[in-house]
>>> print(open('start11.cif').read())   # mmCIF, C-alpha atoms
data_work
loop_
_atom_site.label_atom_id
_atom_site.label_comp_id
_atom_site.auth_asym_id
_atom_site.auth_seq_id
_atom_site.Cartn_x
_atom_site.Cartn_y
_atom_site.Cartn_z
CA MET A 781 -22.88 14.63 13.96
CA SER A 782 -19.68 12.64 14.27
CA GLY A 783 -18.38 9.20 13.45
CA ASN A 784 -15.70 6.54 13.52
CA LEU A 785 -13.84 5.39 10.43
CA ALA A 786 -11.31 2.69 9.59
CA ALA A 787 -9.09 2.02 6.58
CA CYS A 788 -7.19 -1.16 5.86
CA GLY A 789 -3.46 -1.60 6.04
CA LYS A 790 -1.96 -2.97 2.86
CA VAL A 791 0.26 -5.91 1.98
CA PHE A 792 1.68 -6.24 -1.51
CA LEU A 793 1.39 -9.86 -2.60
CA ALA A 794 3.06 -9.54 -6.02
CA GLY A 795 3.83 -7.10 -8.81
CA GLU A 796 5.92 -4.57 -6.90
CA TYR A 797 7.88 -2.19 -9.12
CA GLY A 798 6.31 -3.65 -12.27
CA VAL A 799 3.07 -1.86 -11.37
CA LEU A 800 4.89 1.46 -11.78
CA ASP A 801 4.52 0.90 -15.52
CA ALA A 802 1.05 1.79 -16.72
CA GLY A 803 -0.99 -1.35 -17.30
CA ARG A 804 1.18 -3.85 -15.45
CA PRO A 805 -0.62 -5.56 -12.55
CA ALA A 806 0.05 -5.77 -8.85
CA LEU A 807 -1.75 -7.98 -6.37
CA VAL A 808 -2.36 -6.14 -3.11
CA ALA A 809 -4.38 -7.04 -0.04
CA GLY A 810 -6.24 -4.71 2.27
CA ILE A 811 -5.88 -6.48 5.60
CA ASP A 812 -7.45 -6.66 9.04
CA ARG A 813 -4.81 -4.42 10.63
CA LYS A 814 -6.42 -1.01 10.24
CA LEU A 815 -5.92 2.70 10.79
CA HIS A 816 -8.77 4.22 12.83
CA ALA A 817 -9.99 7.79 13.12
CA ARG A 818 -12.74 9.77 14.81
CA TRP A 819 -14.24 12.82 13.16
CA GLU A 820 -16.59 15.64 14.10
CA PRO A 821 -17.55 18.94 12.44
CA ALA A 822 -15.29 21.88 13.28
CA ALA A 823 -14.78 25.54 12.45
CA ARG A 824 -11.79 24.66 10.27
CA LEU A 825 -9.75 21.64 9.24
CA HIS A 826 -8.06 20.30 12.35
CA LEU A 827 -6.06 17.05 12.40
CA VAL A 828 -4.67 15.25 15.45
CA HIS A 829 -2.20 12.37 15.48
CA ALA A 830 -3.19 10.83 18.80
CA PRO A 831 -0.16 8.54 19.26
CA THR A 832 2.19 11.57 19.30
CA ASN A 833 -0.27 14.38 20.22
CA LEU A 834 0.77 16.29 17.09
CA VAL A 835 -1.74 18.74 15.66
CA TRP A 836 -2.22 20.40 12.28
CA ASP A 837 -4.72 23.19 11.61
CA GLY A 838 -2.99 25.02 8.76
CA GLY A 839 0.49 25.79 7.52
CA THR A 840 3.23 23.17 7.24
CA ALA A 841 2.06 19.81 8.51
CA PRO A 842 4.28 17.62 10.70
CA PRO A 843 5.53 14.47 8.95
CA GLU A 844 3.00 12.27 10.73
CA LEU A 845 0.10 14.32 9.31
CA ARG A 846 1.34 15.66 5.98
CA PHE A 847 -0.41 13.05 3.80
CA ALA A 848 -3.69 13.42 5.69
CA ALA A 849 -3.45 17.22 5.54
CA ARG A 850 -2.97 17.19 1.77
CA ALA A 851 -5.92 14.81 1.33
CA ALA A 852 -8.17 16.77 3.70
CA CYS A 853 -7.48 20.01 1.84
CA LEU A 854 -8.22 18.44 -1.53
CA ALA A 855 -11.41 16.85 -0.20
CA ARG A 856 -12.45 20.19 1.34
CA SER A 857 -12.11 21.84 -2.07
CA PHE A 858 -14.22 19.05 -3.59
CA CYS A 859 -16.96 19.12 -0.95
CA GLY A 860 -17.29 22.85 -0.51
CA PRO A 861 -19.05 24.42 2.50
CA GLY A 862 -19.52 22.08 5.42
CA GLY A 863 -16.33 20.12 4.84
CA ASP A 864 -14.45 21.52 7.82
CA VAL A 865 -13.77 18.73 10.28
CA ARG A 866 -11.66 17.66 13.23
CA ILE A 867 -10.06 14.25 12.65
CA VAL A 868 -8.26 12.32 15.35
CA PHE A 869 -6.08 9.49 14.02
CA GLU A 870 -6.02 6.93 16.80
CA ASP A 871 -3.19 4.64 15.68
CA ASP A 872 -0.60 4.41 12.92
CA LEU A 873 -0.49 0.76 11.76
CA SER A 874 2.56 0.01 13.85
CA ALA A 875 3.05 -2.76 16.38
CA GLU A 876 4.61 -1.94 19.74
CA GLY A 877 5.85 1.33 18.26
CA ARG A 878 7.46 -0.38 15.26
CA LYS A 879 6.69 0.71 11.70
CA LEU A 880 5.65 -2.34 9.69
CA GLY A 881 5.29 -0.77 6.25
CA LEU A 882 1.54 -1.39 6.01
CA GLY A 883 0.63 1.76 4.11
CA GLY A 884 -0.28 4.11 6.93
CA SER A 885 0.03 7.21 4.74
CA ALA A 886 -2.34 5.78 2.11
CA ALA A 887 -4.84 4.79 4.80
CA ALA A 888 -4.63 8.28 6.33
CA CYS A 889 -5.44 9.85 2.95
CA VAL A 890 -8.48 7.61 2.55
CA LEU A 891 -9.72 8.44 6.06
CA ALA A 892 -9.18 12.17 5.59
CA VAL A 893 -11.23 12.22 2.38
CA ARG A 894 -14.00 10.10 3.90
CA ALA A 895 -14.19 12.27 7.02
CA VAL A 896 -14.39 15.54 5.09
CA CYS A 897 -17.07 14.13 2.78
CA ALA A 898 -19.03 12.80 5.75
CA ALA A 899 -18.87 16.15 7.55
CA ALA A 900 -20.10 17.89 4.41
CA GLY A 901 -22.93 15.40 4.03
CA ARG A 902 -21.67 14.39 0.63
CA ASP A 903 -22.08 10.71 -0.28
CA ALA A 904 -19.06 10.62 -2.56
CA GLY A 905 -18.67 6.83 -2.80
CA ASP A 906 -15.47 4.92 -3.46
CA GLY A 907 -15.53 6.01 -7.10
CA ALA A 908 -14.63 9.55 -5.99
CA ILE A 909 -12.86 8.81 -2.71
CA VAL A 910 -10.19 6.59 -4.28
CA PRO A 911 -9.01 9.11 -6.94
CA LEU A 912 -9.09 12.01 -4.47
CA ALA A 913 -7.07 10.10 -1.88
CA LEU A 914 -4.74 8.77 -4.57
CA ALA A 915 -4.09 12.21 -6.04
CA ALA A 916 -3.21 13.62 -2.63
CA HIS A 917 -1.00 10.65 -1.77
CA TRP A 918 0.73 10.64 -5.16
CA ALA A 919 1.39 14.39 -5.02
CA GLU A 920 2.73 14.22 -1.47
CA GLN A 921 5.09 11.44 -2.60
CA GLY A 922 6.48 13.77 -5.23
CA GLY A 923 4.66 12.16 -8.14
CA ALA A 924 5.68 8.60 -7.34
CA GLY A 925 3.87 5.39 -6.53
CA SER A 926 1.26 3.23 -8.22
CA GLY A 927 -1.77 3.97 -6.05
CA ALA A 928 -2.31 0.28 -5.28
CA ASP A 929 -1.85 0.97 -1.57
CA VAL A 930 -4.65 3.56 -1.69
CA ALA A 931 -6.96 1.05 -3.39
CA ALA A 932 -6.22 -1.55 -0.73
CA ALA A 933 -6.82 0.93 2.09
CA ALA A 934 -10.16 2.02 0.66
CA LEU A 935 -11.56 -1.26 -0.60
CA GLY A 936 -9.97 -4.09 1.39
CA GLY A 937 -9.66 -7.69 0.23
CA VAL A 938 -7.30 -9.00 -2.44
CA LEU A 939 -7.19 -6.78 -5.51
CA GLU A 940 -5.49 -6.78 -8.88
CA VAL A 941 -4.54 -3.16 -9.57
CA ARG A 942 -3.20 -1.64 -12.77
CA SER A 943 -2.11 1.97 -12.65
CA ARG A 944 -3.41 4.39 -15.27
CA ILE A 945 -2.27 7.58 -13.52
CA PRO A 946 -2.44 10.32 -16.19
CA TRP A 947 -0.74 13.12 -14.27
CA ARG A 948 2.87 14.09 -14.98
CA SER A 949 3.67 16.04 -11.81
CA PRO A 950 2.26 17.00 -8.41
CA GLU A 951 1.83 20.54 -9.68
CA GLU A 952 -0.27 19.35 -12.60
CA VAL A 953 -2.70 17.27 -10.56
CA MET A 954 -3.05 19.80 -7.76
CA ALA A 955 -3.94 22.51 -10.32
CA LEU A 956 -6.88 20.47 -11.65
CA PRO A 957 -10.44 21.14 -10.49
CA PRO A 958 -11.19 18.66 -7.68
CA GLU A 959 -14.32 17.53 -9.50
CA GLN A 960 -12.13 16.48 -12.43
CA ILE A 961 -9.83 14.51 -10.12
CA ALA A 962 -12.80 12.81 -8.46
CA ALA A 963 -14.21 11.81 -11.85
CA SER A 964 -10.89 10.40 -13.10
CA ARG A 965 -10.16 6.71 -13.12
CA PRO A 966 -6.43 6.48 -12.37
CA LEU A 967 -6.62 2.80 -11.39
CA GLU A 968 -8.05 -0.33 -13.02
CA ILE A 969 -9.15 -2.54 -10.13
CA ARG A 970 -10.70 -5.98 -9.90
CA ARG A 971 -11.20 -8.33 -6.98
CA VAL A 972 -9.28 -11.60 -6.86
CA ARG A 973 -10.87 -14.73 -5.45
CA THR A 974 -8.75 -16.51 -2.86
CA PRO A 975 -9.13 -20.04 -1.49
CA PRO A 976 -10.43 -20.38 2.08
CA ASP A 977 -7.31 -22.21 3.26
CA LEU A 978 -4.92 -19.42 2.24
CA ARG A 979 -2.92 -18.22 5.24
CA LEU A 980 -0.81 -15.06 5.15
CA MET A 981 1.68 -13.76 7.67
CA LEU A 982 4.29 -11.04 7.84
CA ALA A 983 7.83 -11.66 8.99
CA TRP A 984 9.14 -8.31 10.18
CA THR A 985 12.87 -7.74 9.74
CA GLY A 986 13.19 -5.01 12.34
CA GLU A 987 14.50 -2.52 9.78
CA PRO A 988 12.29 0.13 8.18
CA ALA A 989 12.51 0.50 4.42
CA ASP A 990 13.09 3.76 2.55
CA THR A 991 10.52 3.15 -0.17
CA ARG A 992 10.97 6.49 -1.90
CA ALA A 993 14.74 6.02 -2.23
CA LEU A 994 14.32 2.49 -3.63
CA VAL A 995 11.72 3.63 -6.14
CA ARG A 996 14.03 6.45 -7.26
CA GLU A 997 16.84 3.96 -7.84
CA VAL A 998 14.59 1.65 -9.86
CA ARG A 999 13.19 4.57 -11.85
CA ALA A 1000 16.72 5.68 -12.68
CA PHE A 1001 17.54 2.13 -13.82
CA SER A 1002 14.42 2.01 -16.02
CA ARG A 1003 15.38 5.28 -17.74
CA ALA A 1004 19.04 4.36 -18.21
CA LEU A 1005 18.51 0.77 -19.38
CA PRO A 1006 14.97 0.48 -20.75
CA GLN A 1007 15.43 -2.94 -22.35
CA GLN A 1008 16.79 -4.48 -19.15
CA TRP A 1009 14.01 -2.82 -17.19
CA ALA A 1010 11.40 -4.23 -19.57
CA ALA A 1011 12.77 -7.72 -19.03
CA ARG A 1012 12.79 -7.41 -15.25
CA ALA A 1013 9.35 -5.78 -15.13
CA GLY A 1014 8.02 -8.47 -17.44
CA ALA A 1015 9.25 -11.21 -15.10
CA ILE A 1016 7.59 -9.50 -12.14
CA GLU A 1017 4.37 -9.12 -14.14
CA SER A 1018 4.40 -12.80 -15.13
CA ALA A 1019 4.81 -13.88 -11.51
CA ALA A 1020 1.92 -11.64 -10.42
CA GLU A 1021 -0.36 -13.03 -13.12
CA ALA A 1022 0.65 -16.59 -12.25
CA LEU A 1023 -0.16 -15.97 -8.59
CA ARG A 1024 -3.53 -14.42 -9.47
CA ASP A 1025 -4.47 -17.40 -11.64
CA ALA A 1026 -3.32 -19.94 -9.05
CA LEU A 1027 -5.26 -18.25 -6.23
CA GLU A 1028 -8.44 -18.10 -8.29
CA ALA A 1029 -8.01 -21.77 -9.26
CA ALA A 1030 -7.27 -22.72 -5.60
CA ASP A 1031 -4.05 -24.37 -6.82
CA ALA A 1032 -1.81 -24.21 -3.75
CA ASP A 1033 1.30 -25.67 -5.37
CA ALA A 1034 1.12 -23.28 -8.32
CA ALA A 1035 0.55 -20.34 -5.96
CA LEU A 1036 3.62 -21.20 -3.87
CA ASP A 1037 5.69 -21.57 -7.05
CA ALA A 1038 4.48 -18.16 -8.23
CA VAL A 1039 5.44 -16.55 -4.91
CA ARG A 1040 8.93 -18.01 -5.14
CA GLY A 1041 9.17 -16.82 -8.74
CA ALA A 1042 8.17 -13.33 -7.66
CA ALA A 1043 10.91 -13.32 -5.03
CA VAL A 1044 13.49 -14.33 -7.64
CA ALA A 1045 12.26 -11.61 -10.01
CA MET A 1046 12.53 -8.94 -7.32
CA ALA A 1047 16.04 -10.09 -6.41
CA ALA A 1048 17.12 -9.94 -10.06
CA LEU A 1049 15.76 -6.41 -10.37
CA GLY A 1050 17.61 -5.36 -7.23
CA GLU A 1051 20.91 -6.74 -8.51
CA GLU A 1052 20.65 -5.11 -11.94
CA ALA A 1053 19.42 -1.78 -10.56
CA HIS A 1054 21.99 -1.83 -7.72
CA ALA A 1055 19.11 -1.32 -5.29
CA GLY A 1056 18.97 -3.17 -2.00
CA ILE A 1057 15.55 -4.72 -2.57
CA VAL A 1058 16.15 -8.18 -1.10
CA THR A 1059 18.15 -7.77 2.09
CA ALA A 1060 19.84 -10.62 3.89
CA ASP A 1061 17.02 -10.74 6.43
CA LEU A 1062 14.33 -10.83 3.76
CA ALA A 1063 16.19 -13.62 1.95
CA LEU A 1064 16.45 -15.55 5.22
CA ALA A 1065 12.74 -15.22 5.92
CA CYS A 1066 11.93 -16.54 2.44
CA ALA A 1067 14.37 -19.44 2.86
CA LEU A 1068 12.96 -20.41 6.25
CA ALA A 1069 9.43 -20.39 4.81
CA ALA A 1070 10.49 -22.55 1.88
CA SER A 1071 12.22 -25.02 4.20
CA VAL A 1072 8.87 -26.02 5.74
CA GLY A 1073 6.78 -26.04 2.56
CA ALA A 1074 5.56 -22.44 2.59
CA ALA A 1075 6.76 -19.57 0.38
CA GLY A 1076 7.79 -15.98 0.97
CA LYS A 1077 8.84 -12.84 -0.84
CA PRO A 1078 9.55 -9.21 0.06
CA SER A 1079 6.33 -7.23 0.41
CA GLY A 1080 6.33 -3.77 -1.08
CA ALA A 1081 9.58 -2.09 -2.02
CA GLY A 1082 11.77 -4.45 -0.02
CA GLY A 1083 14.87 -3.03 1.58
CA GLY A 1084 13.53 -3.91 5.03
CA ASP A 1085 10.05 -3.94 6.58
CA CYS A 1086 8.36 -7.32 5.98
CA ALA A 1087 8.41 -10.49 3.97
CA VAL A 1088 4.95 -11.81 3.20
CA ILE A 1089 4.63 -15.55 3.81
CA PHE A 1090 2.06 -17.76 2.05
CA ALA A 1091 0.89 -21.11 3.39
CA PHE A 1092 -2.20 -23.22 2.83
CA GLY A 1093 -4.01 -24.63 5.82
CA ASP A 1094 -3.46 -24.17 9.54
CA GLU A 1095 -0.89 -26.93 9.85
CA ALA A 1096 1.35 -25.49 7.15
CA ALA A 1097 0.95 -22.00 8.59
CA GLY A 1098 1.92 -23.28 12.02
CA ARG A 1099 5.10 -24.85 10.65
CA ALA A 1100 6.03 -21.63 8.90
CA GLU A 1101 5.41 -19.51 11.97
CA ALA A 1102 7.46 -21.88 14.15
CA ALA A 1103 10.36 -21.71 11.67
CA LEU A 1104 10.28 -17.90 11.52
CA ARG A 1105 9.68 -16.88 15.13
CA PRO A 1106 13.22 -17.53 16.42
CA ARG A 1107 14.52 -14.82 14.06
CA PHE A 1108 11.55 -12.58 13.22
CA SER A 1109 8.45 -10.98 14.66
CA VAL A 1110 5.56 -12.75 12.94
CA PHE A 1111 2.11 -11.22 12.39
CA PRO A 1112 -0.69 -13.29 10.86
CA VAL A 1113 -2.89 -11.12 8.62
CA VAL A 1114 -6.24 -11.68 6.94
CA PRO A 1115 -7.66 -9.89 3.88
CA ALA A 1116 -10.35 -7.61 5.30
#
>>> encode(input="start11.cif", output="structure tokens")
Amino acid sequence: MSGNLAACGKVFLAGEYGVLDAGRPALVAGIDRKLHARWEPAARLHLVHAPTNLVWDGGTAPPELRFAARAACLARSFCGPGGDVRIVFEDDLSAEGRKLGLGGSAAACVLAVRAVCAAAGRDAGDGAIVPLALAAHWAEQGGAGSGADVAAAALGGVLEVRSRIPWRSPEEVMALPPEQIAASRPLEIRRVRTPPDLRLMLAWTGEPADTRALVREVRAFSRALPQQWAARAGAIESAAEALRDALEAADADAALDAVRGAAVAMAALGEEAHAGIVTADLALACALAASVGAAGKPSGAGGGDCAVIFAFGDEAAGRAEAALRPRFSVFPVVPA
């Protein structure tokens, strides 16, 4: 018995940083750029990162496999006998060796849990796979993150995600019985309808982002100045809700306005928190998109990686891509 698995890469469409507050929404898309893995039963847990030939079969995991190792161990505890498996991760959601910030660590956690459950013959379902993968990912991040990237990796499509993570520390969640973690509901998730003429693309800046450092800076700002944080998070939340409503109503103009509003809200947060969320390159990508009737904003934490560009219809998407390509690598993406 063996098999092939895939998990979606993620693109944040709106709600970044705001979603770190329990109950505030983020819009995230699981896209057609995917992480792939092969699995087969083994005598023990054995992970291989094929692009680098790195291997983990116990002890301290190399950076490329540490999220998957944590998730595989948690899933092995949940599944019991039969959960030992060899997993070969065949790619890492990069393009031409370049990290794009598409949530490879979240996708690896999802694949690790699915592979262990499959090897054990346990039909866990997404209701258990998502919290197990999220707990491992959240703990390996040091108790940070919203979990929206895990939802996108597991479920695909455009989702509205609200975080309800109840755990206070990695130590707390990792001490819980795995059955309790699997039965938890740390995320509130619903699918968002999108119009058929929506076109998304990523404009890659060429600079990787340090998401954990940016989140730490914003967290410090929220603790030091809670009223200012509430105002900034509220603006981000309003833009995310406006984008959700516009997409579901197939109102292209309102959607583009909401994207631009989300970009402004993220920039304001970066200025007040003294965090480099909207870099010069990200601002340029958004400006170039706006100049041809599209709209853009930083995707994810900002600080590098990609701007996500919204256009409606092939003609508008073509104009946006032509405007961006002289300065950026451009990757069209589709919700999977």
>>> closest_residue(input="start11.cif", among="A:Cys859, A:Leu1023, A:Thr991, A:Gly986", to="Leu1062 of chain A", atoms="all atoms listed in the file")
A:Gly986
>>> residues_around(input="start11.cif", residues="segment 841-853 of chain A", least_positions_apart="4", cutoff="10 Å", atoms="all atoms listed in the file", output="PyMOL selection string")
chain A and resi 825-829+831-832+834-837+857-859+863-865+867+869+872+884-897+912-921+954
>>> residues_around(input="start11.cif", residues="Ala1048 of chain A", least_positions_apart="2", cutoff="12 Å", atoms="only C-alpha atoms", output="list of chain:residue names")
A:Val998, A:Gln1008, A:Trp1009, A:Ala1011, A:Arg1012, A:Ala1013, A:Gly1014, A:Ala1015, A:Ile1016, A:Gly1041, A:Ala1042, A:Ala1043, A:Val1044, A:Ala1045, A:Met1046, A:Gly1050, A:Glu1051, A:Glu1052, A:Ala1053, A:His1054, A:Ala1055, A:Gly1056, A:Ile1057, A:Val1058
>>> atom_distance(input="start11.cif", atom1="atom CA of Ala955 of chain A", atom2="atom CA of Gly901 of chain A")
24.8 Å
>>> atom_distance(input="start11.cif", atom1="atom CA of Ala787 of chain A", atom2="atom CA of Ala931 of chain A")
10.2 Å
>>> resolve_selection(input="start11.cif", expression="the PyMOL selection byres ((chain A and resi 1111) around 9)", output="PyMOL selection string")
chain A and resi 980-984+1101+1109-1110+1112-1113
>>> resolve_selection(input="start11.cif", expression="the PyMOL selection byres ((chain A and resi 941) around 7)", output="JSON list (two decimals) with C-alpha atoms, in the frame of the given file")
[["chain", "number", "residue", "atom", "x", "y", "z"],
["A", 805, "PRO", "CA", -0.62, -5.56, -12.55],
["A", 806, "ALA", "CA", 0.05, -5.77, -8.85],
["A", 807, "LEU", "CA", -1.75, -7.98, -6.37],
["A", 928, "ALA", "CA", -2.31, 0.28, -5.28],
["A", 939, "LEU", "CA", -7.19, -6.78, -5.51],
["A", 940, "GLU", "CA", -5.49, -6.78, -8.88],
["A", 942, "ARG", "CA", -3.20, -1.64, -12.77],
["A", 943, "SER", "CA", -2.11, 1.97, -12.65],
["A", 967, "LEU", "CA", -6.62, 2.80, -11.39],
["A", 968, "GLU", "CA", -8.05, -0.33, -13.02],
["A", 969, "ILE", "CA", -9.15, -2.54, -10.13],
["A", 970, "ARG", "CA", -10.70, -5.98, -9.90]]
